[in-house]
>>> print(open('protein_16.cif').read())   # mmCIF, C-alpha atoms
data_entry
#
loop_
_atom_site.label_atom_id
_atom_site.label_comp_id
_atom_site.auth_asym_id
_atom_site.auth_seq_id
_atom_site.Cartn_x
_atom_site.Cartn_y
_atom_site.Cartn_z
CA MET A 25 59.53 116.46 118.86
CA THR A 26 61.97 115.21 116.23
CA LYS A 27 63.29 111.69 116.72
CA LEU A 28 67.11 111.44 116.55
CA ILE A 29 68.56 108.06 115.56
CA PHE A 30 72.33 107.64 115.58
CA VAL A 31 73.67 104.90 113.28
CA THR A 32 76.92 103.48 114.62
CA ALA A 33 78.82 100.25 114.04
CA THR A 34 81.27 97.76 115.44
CA ASN A 35 83.98 99.08 113.09
CA THR A 36 84.51 100.96 109.85
CA ASN A 37 83.20 99.62 106.53
CA ILE A 38 80.39 97.69 108.21
CA GLY A 39 77.58 99.35 106.24
CA LYS A 40 76.47 102.47 108.12
CA THR A 41 75.73 104.54 105.00
CA TYR A 42 73.90 101.65 103.35
CA THR A 43 71.83 101.14 106.49
CA THR A 44 71.17 104.86 106.94
CA LYS A 45 69.73 105.10 103.43
CA LEU A 46 67.45 102.12 104.05
CA LEU A 47 66.20 103.72 107.26
CA LEU A 48 65.52 107.00 105.48
CA LYS A 49 63.57 105.27 102.73
CA GLU A 50 61.53 103.12 105.11
CA PHE A 51 60.58 105.99 107.42
CA ALA A 52 59.75 108.19 104.41
CA SER A 53 57.49 105.44 103.04
CA ARG A 54 55.51 105.70 106.28
CA GLY A 55 54.83 109.38 105.72
CA PHE A 56 57.55 110.82 107.96
CA SER A 57 59.60 113.82 106.86
CA VAL A 58 63.18 112.56 107.10
CA GLY A 59 66.55 114.25 107.38
CA VAL A 60 70.13 113.11 107.72
CA ILE A 61 73.39 114.37 109.24
CA LYS A 62 76.90 112.93 109.27
CA PRO A 63 78.56 115.13 111.92
CA ILE A 64 82.15 114.28 111.00
CA GLU A 65 83.64 112.83 107.82
CA THR A 66 87.33 112.21 107.26
CA GLY A 67 89.07 111.50 103.96
CA VAL A 68 87.47 114.57 102.39
CA ILE A 69 89.74 115.91 99.63
CA ASP A 70 89.03 119.04 97.56
CA GLY A 71 85.62 119.32 99.16
CA LEU A 72 84.53 115.85 98.00
CA ALA A 73 82.77 114.09 100.88
CA PRO A 74 81.59 110.74 99.45
CA ASP A 75 79.29 109.74 102.31
CA ALA A 76 77.73 113.19 102.60
CA ASP A 77 77.12 113.39 98.84
CA GLU A 78 75.48 109.97 98.83
CA LEU A 79 73.26 110.82 101.79
CA LEU A 80 72.40 114.24 100.35
CA GLU A 81 71.22 112.73 97.07
CA CYS A 82 69.08 110.21 98.94
CA VAL A 83 67.42 112.62 101.35
CA LYS A 84 66.62 115.20 98.65
CA GLU A 85 64.60 112.56 96.83
CA LEU A 86 62.68 111.73 100.00
CA ASN A 87 62.05 115.17 101.50
CA PRO A 88 61.25 118.06 99.12
CA LYS A 89 61.75 120.54 101.96
CA LEU A 90 65.48 119.81 101.81
CA TRP A 91 66.01 120.44 98.08
CA SER A 92 68.26 123.45 98.72
CA LEU A 93 70.71 121.66 101.01
CA GLU A 94 74.39 121.34 100.16
CA ALA A 95 76.93 118.73 101.29
CA GLU A 96 78.19 121.02 104.06
CA ASP A 97 74.69 120.96 105.56
CA ILE A 98 74.94 117.19 105.82
CA VAL A 99 78.51 117.03 107.13
CA PRO A 100 79.46 120.12 109.16
CA ILE A 101 82.97 118.93 110.09
CA THR A 102 85.41 117.45 107.57
CA TYR A 103 89.10 116.52 107.52
CA LYS A 104 91.39 115.49 104.67
CA LEU A 105 93.20 112.57 106.29
CA ALA A 106 91.27 109.29 106.24
CA ALA A 107 91.84 108.54 109.91
CA SER A 108 90.10 109.00 113.23
CA PRO A 109 88.95 112.59 113.82
CA PHE A 110 91.49 112.83 116.66
CA VAL A 111 94.37 112.09 114.28
CA ALA A 112 92.91 113.79 111.20
CA SER A 113 92.36 117.05 113.11
CA ASN A 114 95.53 116.90 115.20
CA ASN A 115 93.28 116.73 118.28
CA ILE A 116 91.16 119.82 117.61
CA PRO A 117 88.46 119.93 120.32
CA LEU A 118 85.02 118.76 119.22
CA ASP A 119 82.88 121.66 118.01
CA LEU A 120 79.64 120.27 119.39
CA LYS A 121 77.81 123.57 118.90
CA LYS A 122 78.47 123.48 115.14
CA ILE A 123 76.99 119.98 114.93
CA LYS A 124 73.96 120.84 117.05
CA ILE A 125 73.19 123.90 114.92
CA LYS A 126 73.04 121.76 111.77
CA ILE A 127 70.85 119.21 113.51
CA GLU A 128 68.49 121.93 114.74
CA GLU A 129 68.24 123.35 111.22
CA MET A 130 67.39 119.87 109.95
CA GLU A 131 64.85 119.27 112.72
CA ALA A 132 62.85 122.29 111.54
CA SER A 133 61.88 120.33 108.41
CA CYS A 134 61.87 116.78 109.73
CA ASP A 135 60.04 114.33 111.96
CA ILE A 136 63.02 111.97 112.07
CA VAL A 137 66.72 112.75 111.63
CA ILE A 138 69.19 109.92 111.06
CA ILE A 139 72.70 110.72 112.29
CA GLU A 140 75.50 108.64 110.82
CA GLY A 141 78.63 108.23 112.90
CA ALA A 142 82.20 107.70 111.72
CA GLY A 143 83.83 104.35 112.34
CA GLY A 144 82.96 102.48 115.52
CA LEU A 145 81.91 103.55 119.00
CA TYR A 146 85.40 104.09 120.34
CA VAL A 147 86.81 106.10 117.48
CA PRO A 148 88.48 109.07 119.19
CA ILE A 149 87.20 112.54 118.26
CA ASP A 150 89.45 114.51 120.59
CA ASP A 151 91.22 113.82 123.88
CA LYS A 152 87.92 114.00 125.79
CA ASN A 153 85.36 112.50 123.41
CA MET A 154 84.87 109.21 121.62
CA MET A 155 82.16 108.66 119.01
CA ILE A 156 79.99 107.02 121.67
CA ASP A 157 80.09 110.26 123.67
CA LEU A 158 78.66 112.15 120.70
CA ILE A 159 75.56 109.92 120.86
CA SER A 160 75.07 110.93 124.49
CA HIS A 161 75.71 114.62 123.79
CA LEU A 162 72.96 114.57 121.15
CA ASN A 163 70.45 112.64 123.28
CA ALA A 164 69.89 110.21 120.43
CA VAL A 165 68.91 106.57 120.40
CA ALA A 166 71.33 104.29 118.59
CA LEU A 167 71.33 101.59 115.99
CA LEU A 168 74.41 99.39 116.26
CA VAL A 169 75.20 97.88 112.86
CA THR A 170 77.33 94.77 113.16
CA HIS A 171 78.84 92.31 110.70
CA CYS A 172 78.10 88.62 110.16
CA SER A 173 81.59 87.24 109.61
CA LEU A 174 83.68 85.25 112.08
CA GLY A 175 84.30 87.36 115.17
CA CYS A 176 80.91 89.09 115.13
CA ILE A 177 79.91 87.58 118.48
CA ASN A 178 82.81 89.27 120.24
CA ASP A 179 82.48 92.54 118.33
CA THR A 180 78.72 92.74 118.78
CA LEU A 181 78.70 91.97 122.49
CA LEU A 182 81.55 94.38 123.27
CA SER A 183 79.85 97.25 121.44
CA LYS A 184 76.45 96.45 122.92
CA LYS A 185 77.99 96.43 126.40
CA ALA A 186 79.58 99.83 125.74
CA LEU A 187 76.17 101.29 124.83
CA GLU A 188 74.60 99.75 127.90
CA ASN A 189 77.32 101.18 130.14
CA LYS A 190 76.51 104.66 128.79
CA ASN A 191 72.76 104.07 129.27
CA ILE A 192 72.14 104.66 125.57
CA SER A 193 68.87 103.18 124.29
CA HIS A 194 69.71 101.07 121.25
CA ALA A 195 68.88 98.32 118.81
CA VAL A 196 71.23 95.95 116.98
CA ALA A 197 71.12 95.00 113.31
CA PHE A 198 73.30 92.53 111.41
CA ASN A 199 74.49 93.58 107.96
CA CYS A 200 75.10 90.22 106.30
CA LYS A 201 76.88 90.21 102.94
CA GLU A 202 76.98 87.54 100.24
CA SER A 203 80.29 86.24 101.58
CA ASP A 204 78.70 85.63 105.01
CA ASP A 205 76.80 82.51 104.00
CA ASP A 206 78.27 80.63 106.99
CA PHE A 207 76.71 83.03 109.54
CA SER A 208 73.81 80.67 110.18
CA GLN A 209 76.22 77.90 111.18
CA ILE A 210 79.13 79.82 112.74
CA SER A 211 77.66 82.70 114.77
CA GLU A 212 73.88 82.95 114.56
CA PRO A 213 73.25 79.84 116.73
CA TYR A 214 74.83 81.60 119.71
CA PHE A 215 72.62 84.65 119.36
CA LEU A 216 69.46 82.61 118.88
CA LYS A 217 70.16 80.27 121.79
CA THR A 218 70.86 83.15 124.16
CA GLY A 219 67.66 85.01 123.30
CA PHE A 220 69.35 87.72 121.19
CA GLU A 221 66.97 89.03 118.51
CA VAL A 222 68.72 88.70 115.16
CA LEU A 223 67.50 91.52 112.93
CA LYS A 224 69.14 91.67 109.51
CA VAL A 225 69.50 94.97 107.67
CA GLY A 226 68.66 93.52 104.28
CA ASN A 227 65.57 91.59 105.39
CA ASP A 228 64.16 93.22 108.49
CA ILE A 229 64.36 96.97 107.91
CA GLU A 230 60.65 97.42 108.73
CA LYS A 231 61.06 95.71 112.11
CA ILE A 232 64.28 97.63 112.78
CA CYS A 233 62.43 100.92 112.18
CA ASP A 234 59.60 99.80 114.48
CA VAL A 235 62.08 99.05 117.28
CA LEU A 236 63.99 102.32 116.83
CA TYR A 237 60.88 104.47 116.70
CA ASN A 238 59.65 103.01 119.97
CA LEU A 239 62.92 103.42 121.90
#
>>> encode(input="protein_16.cif", output="structure tokens")
Amino acid sequence: MTKLIFVTATNTNIGKTYTTKLLLKEFASRGFSVGVIKPIETGVIDGLAPDADELLECVKELNPKLWSLEAEDIVPITYKLAASPFVASNNIPLDLKKIKIKIEEMEASCDIVIIEGAGGLYVPIDDKNMMIDLISHLNAVALLVTHCSLGCINDTLLSKKALENKNISHAVAFNCKESDDDFSQISEPYFLKTGFEVLKVGNDIEKICDVLYNL
């Protein structure tokens, strides 16, 4: 049975695509056939979907079975306006069937499929579904990517609590950037002293993959 891993985050521009590519490369290095889907991408103008194109290029290099894929196979739903799907689509109901079909097609050639969300957990898709609901609909486990700047304690704990409330199995990874050199003094002490495992995307991708695979 194909493993589905949904990469989400505490907000937009946290590093979901960067993390997704690292996961793909690490799982592929272990001999798994990998695939990737980004169910919804906004800000797509003239058919140019930056995230989908980047993910497509990566996965084609890692899984020869997917050489014939196009961007629309990676991102089945796109909107022009760079906003939440709710706003960008003028509240068009989520076409879950369209997303599931693309995932099923990908599963036929893959042991593991990484699903990259859009924005954070409570980005509205339509008037009934938030991004967190999509994780549940797909029966995926989740990787919550969080930041390392001031405020990450609040953002991380709120998002983790949301996943727990939905009974979604998950792991947490911190995507620390060069400008976050004060993380070890400002925020990390809280996590360490409260028994929170601090896994960093840039340093601990092998351990992150181990945790996700065993969820």
>>> residues_around(input="protein_16.cif", residues="Cys82 of chain A", least_positions_apart="6", cutoff="10 Å", atoms="all atoms listed in the file", output="compact mmCIF listing (two decimals) with C-alpha atoms, keeping the file's coordinate frame")
# COMPACT_ATOMS: atom_id res chain seq x y z
CA THR A 44 71.17 104.86 106.94
CA LYS A 45 69.73 105.10 103.43
CA LEU A 46 67.45 102.12 104.05
CA LEU A 48 65.52 107.00 105.48
CA LYS A 49 63.57 105.27 102.73
CA GLY A 59 66.55 114.25 107.38
CA VAL A 60 70.13 113.11 107.72
CA ALA A 76 77.73 113.19 102.60
>>> residues_near_point(input="protein_16.cif", point="(89.0, 121.5, 105.1)", cutoff="10 Å", atoms="all atoms listed in the file", output="count of residues only")
11
>>> resolve_selection(input="protein_16.cif", expression="the PyMOL selection byres ((chain A and resi 215) around 12)", output="list of chain:residue names")
A:Cys172, A:Cys176, A:Ile177, A:Asn178, A:Thr180, A:Leu181, A:Val196, A:Phe198, A:Phe207, A:Ser208, A:Gln209, A:Ile210, A:Ser211, A:Glu212, A:Pro213, A:Tyr214, A:Leu216, A:Lys217, A:Thr218, A:Gly219, A:Phe220, A:Glu221, A:Val222, A:Leu223
>>> resolve_selection(input="protein_16.cif", expression="the PyMOL selection byres ((chain A and resi 39) around 12)", output="PDB file with C-alpha atoms, keeping the file's coordinate frame")
ATOM      1  CA  VAL A  31      73.670 104.900 113.280  1.00  0.00           C
ATOM      2  CA  THR A  32      76.920 103.480 114.620  1.00  0.00           C
ATOM      3  CA  ALA A  33      78.820 100.250 114.040  1.00  0.00           C
ATOM      4  CA  THR A  34      81.270  97.760 115.440  1.00  0.00           C
ATOM      5  CA  ASN A  35      83.980  99.080 113.090  1.00  0.00           C
ATOM      6  CA  THR A  36      84.510 100.960 109.850  1.00  0.00           C
ATOM      7  CA  ASN A  37      83.200  99.620 106.530  1.00  0.00           C
ATOM      8  CA  ILE A  38      80.390  97.690 108.210  1.00  0.00           C
ATOM      9  CA  LYS A  40      76.470 102.470 108.120  1.00  0.00           C
ATOM     10  CA  THR A  41      75.730 104.540 105.000  1.00  0.00           C
ATOM     11  CA  TYR A  42      73.900 101.650 103.350  1.00  0.00           C
ATOM     12  CA  THR A  43      71.830 101.140 106.490  1.00  0.00           C
ATOM     13  CA  THR A  44      71.170 104.860 106.940  1.00  0.00           C
ATOM     14  CA  LYS A  45      69.730 105.100 103.430  1.00  0.00           C
ATOM     15  CA  LEU A  46      67.450 102.120 104.050  1.00  0.00           C
ATOM     16  CA  ASP A  75      79.290 109.740 102.310  1.00  0.00           C
ATOM     17  CA  GLU A 140      75.500 108.640 110.820  1.00  0.00           C
ATOM     18  CA  GLY A 141      78.630 108.230 112.900  1.00  0.00           C
ATOM     19  CA  ALA A 142      82.200 107.700 111.720  1.00  0.00           C
ATOM     20  CA  GLY A 143      83.830 104.350 112.340  1.00  0.00           C
ATOM     21  CA  GLY A 144      82.960 102.480 115.520  1.00  0.00           C
ATOM     22  CA  LEU A 167      71.330 101.590 115.990  1.00  0.00           C
ATOM     23  CA  LEU A 168      74.410  99.390 116.260  1.00  0.00           C
ATOM     24  CA  VAL A 169      75.200  97.880 112.860  1.00  0.00           C
ATOM     25  CA  THR A 170      77.330  94.770 113.160  1.00  0.00           C
ATOM     26  CA  HIS A 171      78.840  92.310 110.700  1.00  0.00           C
ATOM     27  CA  CYS A 172      78.100  88.620 110.160  1.00  0.00           C
ATOM     28  CA  ALA A 197      71.120  95.000 113.310  1.00  0.00           C
ATOM     29  CA  PHE A 198      73.300  92.530 111.410  1.00  0.00           C
ATOM     30  CA  ASN A 199      74.490  93.580 107.960  1.00  0.00           C
ATOM     31  CA  CYS A 200      75.100  90.220 106.300  1.00  0.00           C
ATOM     32  CA  LYS A 201      76.880  90.210 102.940  1.00  0.00           C
ATOM     33  CA  LYS A 224      69.140  91.670 109.510  1.00  0.00           C
ATOM     34  CA  VAL A 225      69.500  94.970 107.670  1.00  0.00           C
ATOM     35  CA  GLY A 226      68.660  93.520 104.280  1.00  0.00           C
TER      36      GLY A 226
END
>>> resolve_selection(input="protein_16.cif", expression="the PyMOL selection byres ((chain A and resi 191-193) around 9)", output="JSON, numbers by chain")
{"A": [159, 160, 163, 164, 165, 166, 167, 186, 187, 188, 189, 190, 194, 195, 236, 239]}
>>> write_last_selection(input="protein_16.cif", atoms="C-alpha atoms", output="mmCIF file, in the frame of the given file")
data_model
loop_
_atom_site.group_PDB
_atom_site.id
_atom_site.type_symbol
_atom_site.label_atom_id
_atom_site.label_comp_id
_atom_site.auth_asym_id
_atom_site.auth_seq_id
_atom_site.Cartn_x
_atom_site.Cartn_y
_atom_site.Cartn_z
ATOM 1 C CA ILE A 159 75.560 109.920 120.860
ATOM 2 C CA SER A 160 75.070 110.930 124.490
ATOM 3 C CA ASN A 163 70.450 112.640 123.280
ATOM 4 C CA ALA A 164 69.890 110.210 120.430
ATOM 5 C CA VAL A 165 68.910 106.570 120.400
ATOM 6 C CA ALA A 166 71.330 104.290 118.590
ATOM 7 C CA LEU A 167 71.330 101.590 115.990
ATOM 8 C CA ALA A 186 79.580 99.830 125.740
ATOM 9 C CA LEU A 187 76.170 101.290 124.830
ATOM 10 C CA GLU A 188 74.600 99.750 127.900
ATOM 11 C CA ASN A 189 77.320 101.180 130.140
ATOM 12 C CA LYS A 190 76.510 104.660 128.790
ATOM 13 C CA HIS A 194 69.710 101.070 121.250
ATOM 14 C CA ALA A 195 68.880 98.320 118.810
ATOM 15 C CA LEU A 236 63.990 102.320 116.830
ATOM 16 C CA LEU A 239 62.920 103.420 121.900
#
>>> closest_residue(input="protein_16.cif", among="A:Trp91, A:Tyr146, A:Phe110, A:Tyr237", to="Ile64 of chain A", atoms="all atoms listed in the file")
A:Phe110
>>> atom_distance(input="protein_16.cif", atom1="atom CA of Asn115 of chain A", atom2="atom CA of Asp151 of chain A")
6.6 Å
